[in-house]
Every structure is written in C-alpha cells, then in structure tokens.
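Just start.cif here, mmCIF, C-alpha atoms and all ligand atoms:
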data_work
#
loop_
_atom_site.group_PDB
_atom_site.id
_atom_site.type_symbol
_atom_site.label_atom_id
_atom_site.label_comp_id
_atom_site.auth_asym_id
_atom_site.auth_seq_id
_atom_site.Cartn_x
_atom_site.Cartn_y
_atom_site.Cartn_z
ATOM 1 C CA MET A 995 99.183 132.358 -69.041
ATOM 2 C CA PHE A 996 96.058 133.510 -67.221
ATOM 3 C CA ILE A 997 97.557 134.128 -63.801
ATOM 4 C CA ILE A 998 100.560 136.083 -65.041
ATOM 5 C CA GLU A 999 98.289 138.433 -66.981
ATOM 6 C CA LYS A 1000 96.064 138.886 -63.930
ATOM 7 C CA PHE A 1001 99.056 139.563 -61.741
ATOM 8 C CA GLU A 1002 100.361 142.220 -64.084
ATOM 9 C CA GLU A 1003 96.913 143.733 -64.169
ATOM 10 C CA TYR A 1004 96.937 143.830 -60.362
ATOM 11 C CA ASN A 1005 100.356 145.455 -60.263
ATOM 12 C CA ASN A 1006 99.109 148.137 -62.613
ATOM 13 C CA LYS A 1007 96.137 148.855 -60.372
ATOM 14 C CA GLU A 1008 98.077 150.567 -57.600
ATOM 15 C CA THR A 1009 96.107 153.765 -58.176
ATOM 16 C CA LYS A 1010 92.799 151.991 -57.483
ATOM 17 C CA PRO A 1011 90.875 153.102 -54.400
ATOM 18 C CA SER A 1012 92.337 151.069 -51.559
ATOM 19 C CA LYS A 1013 88.963 149.973 -50.254
ATOM 20 C CA PHE A 1014 88.589 147.288 -52.885
ATOM 21 C CA VAL A 1015 89.876 143.777 -52.406
ATOM 22 C CA LYS A 1016 92.622 143.452 -55.000
ATOM 23 C CA MET A 1017 92.164 140.801 -57.688
ATOM 24 C CA PHE A 1018 88.526 140.218 -56.663
ATOM 25 C CA ASN A 1019 87.232 143.765 -57.150
ATOM 26 C CA TYR A 1020 84.983 143.460 -54.106
ATOM 27 C CA LYS A 1021 84.009 146.749 -52.474
ATOM 28 C CA VAL A 1022 84.925 146.807 -48.789
ATOM 29 C CA ILE A 1023 81.993 147.855 -46.639
ATOM 30 C CA GLN A 1024 83.341 146.985 -43.197
ATOM 31 C CA GLU A 1025 86.698 146.045 -41.678
ATOM 32 C CA GLU A 1026 87.548 144.150 -38.529
ATOM 33 C CA PRO A 1027 90.856 143.254 -36.909
ATOM 34 C CA ILE A 1028 92.045 139.686 -37.539
ATOM 35 C CA GLU A 1029 91.680 139.075 -33.775
ATOM 36 C CA ASN A 1030 87.911 138.884 -34.340
ATOM 37 C CA LEU A 1031 88.308 135.756 -36.443
ATOM 38 C CA HIS A 1032 87.093 133.530 -33.582
ATOM 39 C CA LEU A 1033 83.665 135.137 -33.947
ATOM 40 C CA TYR A 1034 83.343 133.400 -37.300
ATOM 41 C CA LYS A 1035 84.774 129.997 -36.493
ATOM 42 C CA HIS A 1036 81.519 128.215 -37.294
ATOM 43 C CA LYS A 1037 82.738 128.307 -40.896
ATOM 44 C CA LEU A 1038 85.395 125.720 -41.753
ATOM 45 C CA LYS A 1039 87.406 128.230 -43.777
ATOM 46 C CA ASN A 1040 87.696 130.579 -40.803
ATOM 47 C CA MET A 1041 88.496 127.696 -38.470
ATOM 48 C CA MET A 1042 91.368 126.851 -40.835
ATOM 49 C CA PHE A 1043 92.773 130.412 -40.631
ATOM 50 C CA LEU A 1044 92.363 130.317 -36.840
ATOM 51 C CA THR A 1045 94.290 127.081 -36.418
ATOM 52 C CA LYS A 1046 96.850 127.337 -39.238
ATOM 53 C CA GLY A 1047 97.416 131.089 -39.328
ATOM 54 C CA THR A 1048 96.925 133.618 -42.100
ATOM 55 C CA LYS A 1049 100.329 133.550 -43.803
ATOM 56 C CA CYS A 1050 100.544 132.114 -47.319
ATOM 57 C CA VAL A 1051 102.170 128.673 -46.910
ATOM 58 C CA VAL A 1052 104.592 129.296 -49.756
ATOM 59 C CA ASP A 1053 107.913 129.916 -47.967
ATOM 60 C CA SER A 1054 109.095 132.673 -50.271
ATOM 61 C CA CYS A 1055 105.767 134.545 -50.083
ATOM 62 C CA ASP A 1056 105.339 137.366 -47.597
ATOM 63 C CA LYS A 1057 101.541 137.728 -47.844
ATOM 64 C CA VAL A 1058 99.943 137.643 -44.381
ATOM 65 C CA GLY A 1059 96.266 138.241 -43.634
ATOM 66 C CA THR A 1060 95.978 141.062 -41.096
ATOM 67 C CA LYS A 1061 92.320 141.996 -41.277
ATOM 68 C CA ILE A 1062 88.849 140.740 -41.996
ATOM 69 C CA VAL A 1063 86.844 142.631 -44.564
ATOM 70 C CA HIS A 1064 83.170 142.356 -45.326
ATOM 71 C CA CYS A 1065 82.568 143.161 -48.960
ATOM 72 C CA GLU A 1066 79.935 143.783 -51.475
ATOM 73 C CA ILE A 1067 80.439 141.876 -54.660
ATOM 74 C CA GLU A 1068 79.928 144.211 -57.578
ATOM 75 C CA HIS A 1069 76.674 144.051 -59.469
ATOM 76 C CA ASN A 1070 74.847 141.358 -57.530
ATOM 77 C CA LYS A 1071 75.025 142.983 -54.060
ATOM 78 C CA LYS A 1072 76.045 139.664 -52.561
ATOM 79 C CA HIS A 1073 78.098 139.925 -49.398
ATOM 80 C CA SER A 1074 81.288 138.101 -48.693
ATOM 81 C CA MET A 1075 83.900 137.947 -45.947
ATOM 82 C CA VAL A 1076 87.546 137.872 -46.979
ATOM 83 C CA ILE A 1077 90.837 137.745 -45.077
ATOM 84 C CA VAL A 1078 93.226 140.311 -46.587
ATOM 85 C CA THR A 1079 96.726 141.729 -46.114
ATOM 86 C CA ASP A 1080 97.372 145.310 -45.000
ATOM 87 C CA ASP A 1081 97.006 146.408 -48.609
ATOM 88 C CA TYR A 1082 93.836 144.392 -49.303
ATOM 89 C CA TYR A 1083 95.337 141.423 -51.081
ATOM 90 C CA PRO A 1084 93.164 138.306 -50.513
ATOM 91 C CA LEU A 1085 94.219 135.151 -48.695
ATOM 92 C CA THR A 1086 92.387 132.042 -49.836
ATOM 93 C CA VAL A 1087 91.821 128.511 -48.614
ATOM 94 C CA ASP A 1088 93.876 125.989 -50.538
ATOM 95 C CA HIS A 1089 92.977 122.312 -50.750
ATOM 96 C CA ILE A 1090 96.322 120.546 -50.227
ATOM 97 C CA MET A 1091 94.990 117.634 -52.263
ATOM 98 C CA PRO A 1092 92.796 119.338 -54.862
ATOM 99 C CA LYS A 1093 89.081 118.587 -54.704
ATOM 100 C CA SER A 1094 89.314 117.519 -58.345
ATOM 101 C CA LYS A 1095 91.631 114.710 -57.241
ATOM 102 C CA GLY A 1096 89.448 113.588 -54.371
ATOM 103 C CA GLY A 1097 90.755 115.993 -51.721
ATOM 104 C CA LEU A 1098 88.311 116.481 -48.877
ATOM 105 C CA ASP A 1099 86.802 119.590 -47.317
ATOM 106 C CA GLU A 1100 88.347 118.890 -43.948
ATOM 107 C CA LEU A 1101 90.791 120.816 -41.804
ATOM 108 C CA SER A 1102 93.712 118.440 -42.421
ATOM 109 C CA ASN A 1103 93.424 119.050 -46.181
ATOM 110 C CA LEU A 1104 93.213 122.840 -45.988
ATOM 111 C CA GLN A 1105 95.918 125.478 -45.735
ATOM 112 C CA PRO A 1106 96.194 129.269 -46.056
ATOM 113 C CA MET A 1107 97.489 130.502 -49.415
ATOM 114 C CA CYS A 1108 97.447 133.876 -51.106
ATOM 115 C CA TYR A 1109 95.300 134.242 -54.189
ATOM 116 C CA TYR A 1110 98.293 134.417 -56.524
ATOM 117 C CA HIS A 1111 99.887 131.161 -55.364
ATOM 118 C CA ASN A 1112 96.531 129.399 -55.222
ATOM 119 C CA GLN A 1113 95.892 130.307 -58.860
ATOM 120 C CA LEU A 1114 99.405 129.280 -59.797
ATOM 121 C CA LYS A 1115 98.844 125.906 -58.154
ATOM 122 C CA SER A 1116 95.458 125.274 -59.763
ATOM 123 C CA ASN A 1117 96.810 126.243 -63.188
ATOM 124 C CA ASP A 1118 99.576 123.723 -62.788
ATOM 125 C CA THR A 1119 97.906 120.671 -64.272
ATOM 126 C CA GLU A 1120 101.136 118.650 -64.353
ATOM 127 C CA GLY A 1121 101.550 118.997 -60.635
ATOM 128 C CA VAL A 1122 105.257 119.645 -61.145
ATOM 129 C CA ASN A 1123 105.458 122.860 -59.185
ATOM 130 C CA ILE A 1124 103.061 122.006 -56.396
ATOM 131 C CA THR A 1125 105.146 122.591 -53.319
ATOM 132 C CA ILE A 1126 103.577 121.874 -49.977
ATOM 133 C CA PRO A 1127 105.912 122.659 -47.077
ATOM 134 C CA MET A 1128 106.082 119.636 -44.770
ATOM 135 C CA THR A 1129 105.390 121.918 -41.857
ATOM 136 C CA SER A 1130 102.019 122.939 -43.215
ATOM 137 C CA ILE A 1131 100.270 119.656 -42.480
ATOM 138 C CA ASP A 1132 100.478 117.181 -39.628
ATOM 139 C CA ILE A 1133 102.562 114.327 -40.971
ATOM 140 C CA SER A 1134 102.141 110.633 -40.222
ATOM 141 C CA TYR A 1135 104.597 107.917 -41.283
ATOM 142 C CA ASP A 1136 102.159 105.130 -40.441
ATOM 143 C CA ILE A 1137 101.204 104.146 -43.991
ATOM 144 C CA GLU A 1138 98.493 101.604 -44.767
ATOM 145 C CA VAL A 1139 96.835 100.336 -47.927
ATOM 146 C CA GLY A 1140 94.160 102.817 -49.034
ATOM 147 C CA ASP A 1141 95.969 105.859 -47.628
ATOM 148 C CA PHE A 1142 96.536 108.901 -49.804
ATOM 149 C CA VAL A 1143 100.267 109.632 -49.579
ATOM 150 C CA TYR A 1144 102.678 112.433 -50.420
ATOM 151 C CA LYS A 1145 106.230 112.020 -51.706
ATOM 152 C CA LYS A 1146 108.944 113.917 -49.871
ATOM 153 C CA TYR A 1147 111.201 115.864 -52.200
ATOM 154 C CA GLY A 1148 113.255 119.022 -52.534
ATOM 155 C CA ARG A 1149 116.410 119.901 -50.682
ATOM 156 C CA GLY A 1150 116.301 118.179 -47.313
ATOM 157 C CA ASN A 1151 113.006 116.515 -48.304
ATOM 158 C CA HIS A 1152 111.144 119.469 -46.854
ATOM 159 C CA LEU A 1153 108.474 119.641 -49.550
ATOM 160 C CA LEU A 1154 105.642 117.289 -50.417
ATOM 161 C CA ARG A 1155 104.125 116.305 -53.743
ATOM 162 C CA PRO A 1156 100.752 114.527 -53.855
ATOM 163 C CA LEU A 1157 101.477 110.975 -55.016
ATOM 164 C CA GLY A 1158 98.318 108.870 -54.893
ATOM 165 C CA VAL A 1159 96.582 106.050 -53.084
ATOM 166 C CA VAL A 1160 98.565 103.079 -51.742
ATOM 167 C CA SER A 1161 97.424 99.850 -53.412
ATOM 168 C CA SER A 1162 99.792 97.444 -51.684
ATOM 169 C CA ILE A 1163 102.775 97.219 -49.334
ATOM 170 C CA GLU A 1164 105.081 94.346 -50.227
ATOM 171 C CA PRO A 1165 108.678 93.403 -51.079
ATOM 172 C CA ASN A 1166 109.782 95.318 -54.175
ATOM 173 C CA PRO A 1167 110.886 92.747 -56.822
ATOM 174 C CA HIS A 1168 113.008 95.434 -58.529
ATOM 175 C CA HIS A 1169 114.980 96.164 -55.376
ATOM 176 C CA PRO A 1170 118.165 94.087 -54.855
ATOM 177 C CA ASN A 1171 117.194 93.151 -51.304
ATOM 178 C CA GLY A 1172 113.462 93.054 -51.940
ATOM 179 C CA ASN A 1173 112.901 96.019 -49.615
ATOM 180 C CA ILE A 1174 109.358 96.441 -48.395
ATOM 181 C CA SER A 1175 107.946 99.198 -50.590
ATOM 182 C CA ILE A 1176 104.630 100.754 -51.320
ATOM 183 C CA LYS A 1177 102.832 100.554 -54.641
ATOM 184 C CA ILE A 1178 100.634 103.385 -55.863
ATOM 185 C CA VAL A 1179 97.395 102.898 -57.752
ATOM 186 C CA GLY A 1180 97.780 104.323 -61.225
ATOM 187 C CA ASN A 1181 98.823 103.581 -64.760
ATOM 188 C CA ASP A 1182 102.134 102.068 -63.834
ATOM 189 C CA ASN A 1183 101.504 100.932 -60.255
ATOM 190 C CA SER A 1184 104.791 102.635 -59.433
ATOM 191 C CA TRP A 1185 106.933 101.488 -56.483
ATOM 192 C CA HIS A 1186 108.231 103.843 -53.841
ATOM 193 C CA SER A 1187 110.443 103.463 -50.820
ATOM 194 C CA ARG A 1188 108.270 103.483 -47.716
ATOM 195 C CA SER A 1189 110.557 106.037 -46.041
ATOM 196 C CA SER A 1190 110.053 108.539 -48.866
ATOM 197 C CA VAL A 1191 106.304 108.921 -48.365
ATOM 198 C CA VAL A 1192 104.074 110.338 -45.658
ATOM 199 C CA LYS A 1193 100.392 110.936 -45.185
ATOM 200 C CA ALA A 1194 98.424 113.702 -43.522
ATOM 201 C CA ALA A 1195 97.638 112.760 -39.929
ATOM 202 C CA LYS A 1196 93.942 112.546 -39.075
HETATM 203 ZN ZN ZN A 1201 101.592 133.525 -51.659
#
Could I get this structure in the form of structure tokens?
Ligand SMILES: [Zn+2]
Amino acid sequence: MFIIEKFEEYNNKETKPSKFVKMFNYKVIQEEPIENLHLYKHKLKNMMFLTKGTKCVVDSCDKVGTKIVHCEIEHNKKHSMVIVTDDYYPLTVDHIMPKSKGGLDELSNLQPMCYYHNQLKSNDTEGVNITIPMTSIDISYDIEVGDFVYKKYGRGNHLLRPLGVVSSIEPNPHHPNGNISIKIVGNDNSWHSRSSVVKAAK
C-alpha cells in the first residue's frame, strides 16, 4: 500500500539533513515559532490551526505542530509555508467530509491531521477506518432534512463516521413502535435512529 511504503521510506531517512520537511522533501529556508501563526490568519488553513490547534486529531497520534517553516519546493523554486513538528514532520489540513464527497472548504469541515494519518484516511476508500473524534468538531443534534450527518460509533460513541444526507425524518416502519427515524439518501435509503446521528454545527 502506498502510504505504508512511504512511511517506511520516511523512517529510513533519519540521516537526512534535518532542514528538510519530512515526507515532502521541501528545503526549509526560514523558521518561525508557532506563536507567529496569527500573522498568517488571512489564509483559511492557518485560521484552522489557530482555532483548532496543531495536534493531529487522531487520539493515538502524538504529532504536534510546534513551528512554522517557509520552504522552497525542490526544482520549481516555489515557496510554501508548512506547520511542522519539532523534527520537521508536516501537519496537514484534513477535510472531515472529503471534498470528493461534497465536503466544503469551511472551518467547520477542517481539522488538523498529520500527513501520515491524512494519507491513511484518503487511501481508505471504504471509509471503514475513518475515525473522527467527536471532540474535533462542534456537534449539533438538531437534525433536519438536507443536513449532512455523521453516525456515532466506537466505544462510548466517541467517534464519528460520515453517513450522508438526510432525505426524510418519519416513523420507521421497521421499528416495532414506529420510532421517528431518519432516512439517508443512497442506494438503500437506510434508516437510522435519530439519537445515533449528529451534524457539524454551523
Ligand atoms: Zn497523526
């Protein structure tokens, strides 16, 4: 799998000069403390790091952005600004709902994620292992038709899985008491308990 190979390659690159952003191979030309991030808040991506922090949202991951580096991208002399860890590992902006599935470029749909986990997530076409901690987005339980919703799952329902767009809210004919449920647009118009879904607050 692509990402595993890349990760092994990265692990084997420990002897590389430290002033390169790992994985990206960008040459660092200037560094700034992370406290200077507010100077760049006109860019949405930096605003996201300012408001949501620079730690990878994956619970088990210890990658935290601690500095801003300005880099030169090899060959084309293009410049780029990247948030990196102490040892120059890049933090990236993750779209909670992928752009390919209609996710928007807005603050509520963005979260900090290290490069490794972001790649792992985008390689996961089945969506099985997408784990969004509930604490990483502002949750709303006020579900309406047309909303994009997430299903709560995992131990203690503390993780979210993108589910889809609500097509109707009505009594579920398959439920013994006809509980009001939500129906999701899709092949099977699947039914879900209203209490098991949430949406991102505006
Ligand atoms: Zn991570």
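Residues with any atom within 10 Å of the point (93.6, 137.9, -48.0), counting only C-alpha atoms, are Val1015, Lys1016, Thr1048, Lys1049, Cys1050, Lys1057, Val1058, Gly1059, Thr1060, Lys1061, Ile1062, Val1063, Met1075, Val1076, Ile1077, Val1078, Thr1079, Asp1080, Asp1081, Tyr1082, Tyr1083, Pro1084, Leu1085, Thr1086, Val1087, Pro1106, Met1107, Cys1108 and Tyr1109 of chain A.
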If the PyMOL selection byres (((chain A and resi 1178) around 8) and not hetatm) is run on the structure shown, which residues does it catch, given as an mmCIF file with C-alpha atoms, in the coordinates of the input?
data_model
loop_
_atom_site.group_PDB
_atom_site.id
_atom_site.type_symbol
_atom_site.label_atom_id
_atom_site.label_comp_id
_atom_site.auth_asym_id
_atom_site.auth_seq_id
_atom_site.Cartn_x
_atom_site.Cartn_y
_atom_site.Cartn_z
ATOM 1 C CA LEU A 1157 101.477 110.975 -55.016
ATOM 2 C CA GLY A 1158 98.318 108.870 -54.893
ATOM 3 C CA VAL A 1159 96.582 106.050 -53.084
ATOM 4 C CA VAL A 1160 98.565 103.079 -51.742
ATOM 5 C CA SER A 1161 97.424 99.850 -53.412
ATOM 6 C CA SER A 1162 99.792 97.444 -51.684
ATOM 7 C CA ILE A 1176 104.630 100.754 -51.320
ATOM 8 C CA LYS A 1177 102.832 100.554 -54.641
ATOM 9 C CA VAL A 1179 97.395 102.898 -57.752
ATOM 10 C CA GLY A 1180 97.780 104.323 -61.225
ATOM 11 C CA ASN A 1183 101.504 100.932 -60.255
ATOM 12 C CA SER A 1184 104.791 102.635 -59.433
ATOM 13 C CA TRP A 1185 106.933 101.488 -56.483
ATOM 14 C CA HIS A 1186 108.231 103.843 -53.841
#
Q: Could you tell me which residues the PyMOL selection byres (((chain A and resi 1132) around 7) and not hetatm) grabs in this file, written as an MDAnalysis selection string?
A: chainID A and resid 1130:1131 1133:1134 1194:1195
Q: Within 8 Å of A:Val1191, counting all atoms listed in the file, which residues show up once you throw out same-chain ones fewer than 4 positions away? Write them as a PyMOL selection string, please.
A: chain A and resi 1135+1143-1146+1186-1187
Q. Which residue out of A:Ile1174, A:Leu1101, A:Met1091, A:Leu1154 has the minimum interatomic distance to A:Lys1037 when all atoms listed in the file are used?
A. A:Leu1101
Q: Run through the PyMOL selection byres (((chain A and resi 1022) around 10) and not hetatm) on the given coordinates and return the selected residues as a count of residues only.
A: 21
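Between atom CA of A:Lys1196 and atom CA of A:Tyr1147 the separation is 21.9 Å.
Going from atom CA of A:His1111 over to atom CA of A:Pro1092, you cover 13.8 Å.
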(Q) What's the separation between atom CA of A:Ile1163 and atom CA of A:Ser1175, in Å to one decimal place? (A) 5.7 Å
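Nearest-residue note for A:Tyr1110: choosing from A:Pro1127, A:Asn1030, A:Lys1093, A:Asp1056, the minimum distance belongs to A:Asp1056, counting all atoms listed in the file.
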Q) For ligand ZN 1201 (chain A), which of A:His1152, A:Lys1115, A:His1168, A:Lys1035 is the closest residue, counting only C-alpha atoms and all ligand atoms? A) A:Lys1115
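The closest residue to ligand ZN 1201 (chain A), picked from A:Leu1044, A:Ile1090, A:Leu1114, A:Met1017 and counting only C-alpha atoms and all ligand atoms, is A:Leu1114.
Residue nearest ligand ZN 1201 (chain A), chosen from A:Gln1105, A:Ser1189, A:Asn1151, A:Asn1112 and counting all atoms listed in the file: A:Asn1112.
Among the candidates A:Asn1171, A:Ser1094, A:Ser1054, A:Ser1102, the one nearest to A:Met1041 when counting only C-alpha atoms is A:Ser1102.
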N, CA and C atoms are needed for stretch 1127-1158 of chain A; please write them out as a PDB file, keeping the file's coordinate frame.
ATOM      1  N   PRO A1127     104.899 122.807 -48.132  1.00  0.00           N
ATOM      2  CA  PRO A1127     105.912 122.659 -47.077  1.00  0.00           C
ATOM      3  C   PRO A1127     105.485 121.577 -46.104  1.00  0.00           C
ATOM      4  N   MET A1128     106.426 120.723 -45.684  1.00  0.00           N
ATOM      5  CA  MET A1128     106.082 119.636 -44.770  1.00  0.00           C
ATOM      6  C   MET A1128     105.501 120.147 -43.472  1.00  0.00           C
ATOM      7  N   THR A1129     105.863 121.374 -43.128  1.00  0.00           N
ATOM      8  CA  THR A1129     105.390 121.918 -41.857  1.00  0.00           C
ATOM      9  C   THR A1129     103.939 122.381 -41.917  1.00  0.00           C
ATOM     10  N   SER A1130     103.366 122.400 -43.125  1.00  0.00           N
ATOM     11  CA  SER A1130     102.019 122.939 -43.215  1.00  0.00           C
ATOM     12  C   SER A1130     100.927 121.914 -42.927  1.00  0.00           C
ATOM     13  N   ILE A1131     101.279 120.639 -42.876  1.00  0.00           N
ATOM     14  CA  ILE A1131     100.270 119.656 -42.480  1.00  0.00           C
ATOM     15  C   ILE A1131     100.862 118.735 -41.410  1.00  0.00           C
ATOM     16  N   ASP A1132     100.008 118.137 -40.626  1.00  0.00           N
ATOM     17  CA  ASP A1132     100.478 117.181 -39.628  1.00  0.00           C
ATOM     18  C   ASP A1132     100.815 115.890 -40.349  1.00  0.00           C
ATOM     19  N   ILE A1133     102.056 115.470 -40.229  1.00  0.00           N
ATOM     20  CA  ILE A1133     102.562 114.327 -40.971  1.00  0.00           C
ATOM     21  C   ILE A1133     102.458 113.037 -40.161  1.00  0.00           C
ATOM     22  N   SER A1134     102.086 111.950 -40.856  1.00  0.00           N
ATOM     23  CA  SER A1134     102.141 110.633 -40.222  1.00  0.00           C
ATOM     24  C   SER A1134     102.939 109.705 -41.119  1.00  0.00           C
ATOM     25  N   TYR A1135     103.781 108.864 -40.518  1.00  0.00           N
ATOM     26  CA  TYR A1135     104.597 107.917 -41.283  1.00  0.00           C
ATOM     27  C   TYR A1135     103.969 106.530 -41.273  1.00  0.00           C
ATOM     28  N   ASP A1136     102.826 106.418 -40.618  1.00  0.00           N
ATOM     29  CA  ASP A1136     102.159 105.130 -40.441  1.00  0.00           C
ATOM     30  C   ASP A1136     101.276 104.856 -41.665  1.00  0.00           C
ATOM     31  N   ILE A1137     101.890 104.300 -42.709  1.00  0.00           N
ATOM     32  CA  ILE A1137     101.204 104.146 -43.991  1.00  0.00           C
ATOM     33  C   ILE A1137     100.487 102.795 -44.093  1.00  0.00           C
ATOM     34  N   GLU A1138      99.255 102.830 -44.551  1.00  0.00           N
ATOM     35  CA  GLU A1138      98.493 101.604 -44.767  1.00  0.00           C
ATOM     36  C   GLU A1138      97.892 101.609 -46.170  1.00  0.00           C
ATOM     37  N   VAL A1139      97.497 100.438 -46.627  1.00  0.00           N
ATOM     38  CA  VAL A1139      96.835 100.336 -47.927  1.00  0.00           C
ATOM     39  C   VAL A1139      95.568 101.204 -47.893  1.00  0.00           C
ATOM     40  N   GLY A1140      95.344 101.957 -48.967  1.00  0.00           N
ATOM     41  CA  GLY A1140      94.160 102.817 -49.034  1.00  0.00           C
ATOM     42  C   GLY A1140      94.445 104.256 -48.645  1.00  0.00           C
ATOM     43  N   ASP A1141      95.629 104.494 -48.031  1.00  0.00           N
ATOM     44  CA  ASP A1141      95.969 105.859 -47.628  1.00  0.00           C
ATOM     45  C   ASP A1141      96.362 106.692 -48.838  1.00  0.00           C
ATOM     46  N   PHE A1142      96.031 107.973 -48.792  1.00  0.00           N
ATOM     47  CA  PHE A1142      96.536 108.901 -49.804  1.00  0.00           C
ATOM     48  C   PHE A1142      97.878 109.398 -49.284  1.00  0.00           C
ATOM     49  N   VAL A1143      98.935 109.249 -50.073  1.00  0.00           N
ATOM     50  CA  VAL A1143     100.267 109.632 -49.579  1.00  0.00           C
ATOM     51  C   VAL A1143     100.928 110.725 -50.419  1.00  0.00           C
ATOM     52  N   TYR A1144     101.889 111.377 -49.788  1.00  0.00           N
ATOM     53  CA  TYR A1144     102.678 112.433 -50.420  1.00  0.00           C
ATOM     54  C   TYR A1144     104.125 111.972 -50.490  1.00  0.00           C
ATOM     55  N   LYS A1145     104.817 112.347 -51.548  1.00  0.00           N
ATOM     56  CA  LYS A1145     106.230 112.020 -51.706  1.00  0.00           C
ATOM     57  C   LYS A1145     107.063 113.181 -51.178  1.00  0.00           C
ATOM     58  N   LYS A1146     108.054 112.861 -50.365  1.00  0.00           N
ATOM     59  CA  LYS A1146     108.944 113.917 -49.871  1.00  0.00           C
ATOM     60  C   LYS A1146     109.951 114.243 -50.964  1.00  0.00           C
ATOM     61  N   TYR A1147     110.191 115.499 -51.212  1.00  0.00           N
ATOM     62  CA  TYR A1147     111.201 115.864 -52.200  1.00  0.00           C
ATOM     63  C   TYR A1147     111.757 117.244 -51.898  1.00  0.00           C
ATOM     64  N   GLY A1148     112.632 117.715 -52.762  1.00  0.00           N
ATOM     65  CA  GLY A1148     113.255 119.022 -52.534  1.00  0.00           C
ATOM     66  C   GLY A1148     114.463 118.871 -51.640  1.00  0.00           C
ATOM     67  N   ARG A1149     115.214 119.945 -51.514  1.00  0.00           N
ATOM     68  CA  ARG A1149     116.410 119.901 -50.682  1.00  0.00           C
ATOM     69  C   ARG A1149     116.018 119.578 -49.240  1.00  0.00           C
ATOM     70  N   GLY A1150     116.629 118.565 -48.678  1.00  0.00           N
ATOM     71  CA  GLY A1150     116.301 118.179 -47.313  1.00  0.00           C
ATOM     72  C   GLY A1150     114.924 117.552 -47.184  1.00  0.00           C
ATOM     73  N   ASN A1151     114.338 117.139 -48.322  1.00  0.00           N
ATOM     74  CA  ASN A1151     113.006 116.515 -48.304  1.00  0.00           C
ATOM     75  C   ASN A1151     111.985 117.342 -47.538  1.00  0.00           C
ATOM     76  N   HIS A1152     112.048 118.659 -47.672  1.00  0.00           N
ATOM     77  CA  HIS A1152     111.144 119.469 -46.854  1.00  0.00           C
ATOM     78  C   HIS A1152     109.866 119.856 -47.589  1.00  0.00           C
ATOM     79  N   LEU A1153     109.697 119.343 -48.811  1.00  0.00           N
ATOM     80  CA  LEU A1153     108.474 119.641 -49.550  1.00  0.00           C
ATOM     81  C   LEU A1153     107.745 118.339 -49.860  1.00  0.00           C
ATOM     82  N   LEU A1154     106.461 118.462 -50.131  1.00  0.00           N
ATOM     83  CA  LEU A1154     105.642 117.289 -50.417  1.00  0.00           C
ATOM     84  C   LEU A1154     104.966 117.440 -51.767  1.00  0.00           C
ATOM     85  N   ARG A1155     104.859 116.321 -52.477  1.00  0.00           N
ATOM     86  CA  ARG A1155     104.125 116.305 -53.743  1.00  0.00           C
ATOM     87  C   ARG A1155     103.056 115.220 -53.617  1.00  0.00           C
ATOM     88  N   PRO A1156     101.793 115.549 -53.936  1.00  0.00           N
ATOM     89  CA  PRO A1156     100.752 114.527 -53.855  1.00  0.00           C
ATOM     90  C   PRO A1156     101.122 113.352 -54.766  1.00  0.00           C
ATOM     91  N   LEU A1157     101.037 112.138 -54.248  1.00  0.00           N
ATOM     92  CA  LEU A1157     101.477 110.975 -55.016  1.00  0.00           C
ATOM     93  C   LEU A1157     100.293 110.113 -55.456  1.00  0.00           C
ATOM     94  N   GLY A1158      99.457 109.705 -54.532  1.00  0.00           N
ATOM     95  CA  GLY A1158      98.318 108.870 -54.893  1.00  0.00           C
ATOM     96  C   GLY A1158      97.950 107.928 -53.763  1.00  0.00           C
TER      97      GLY A1158
END
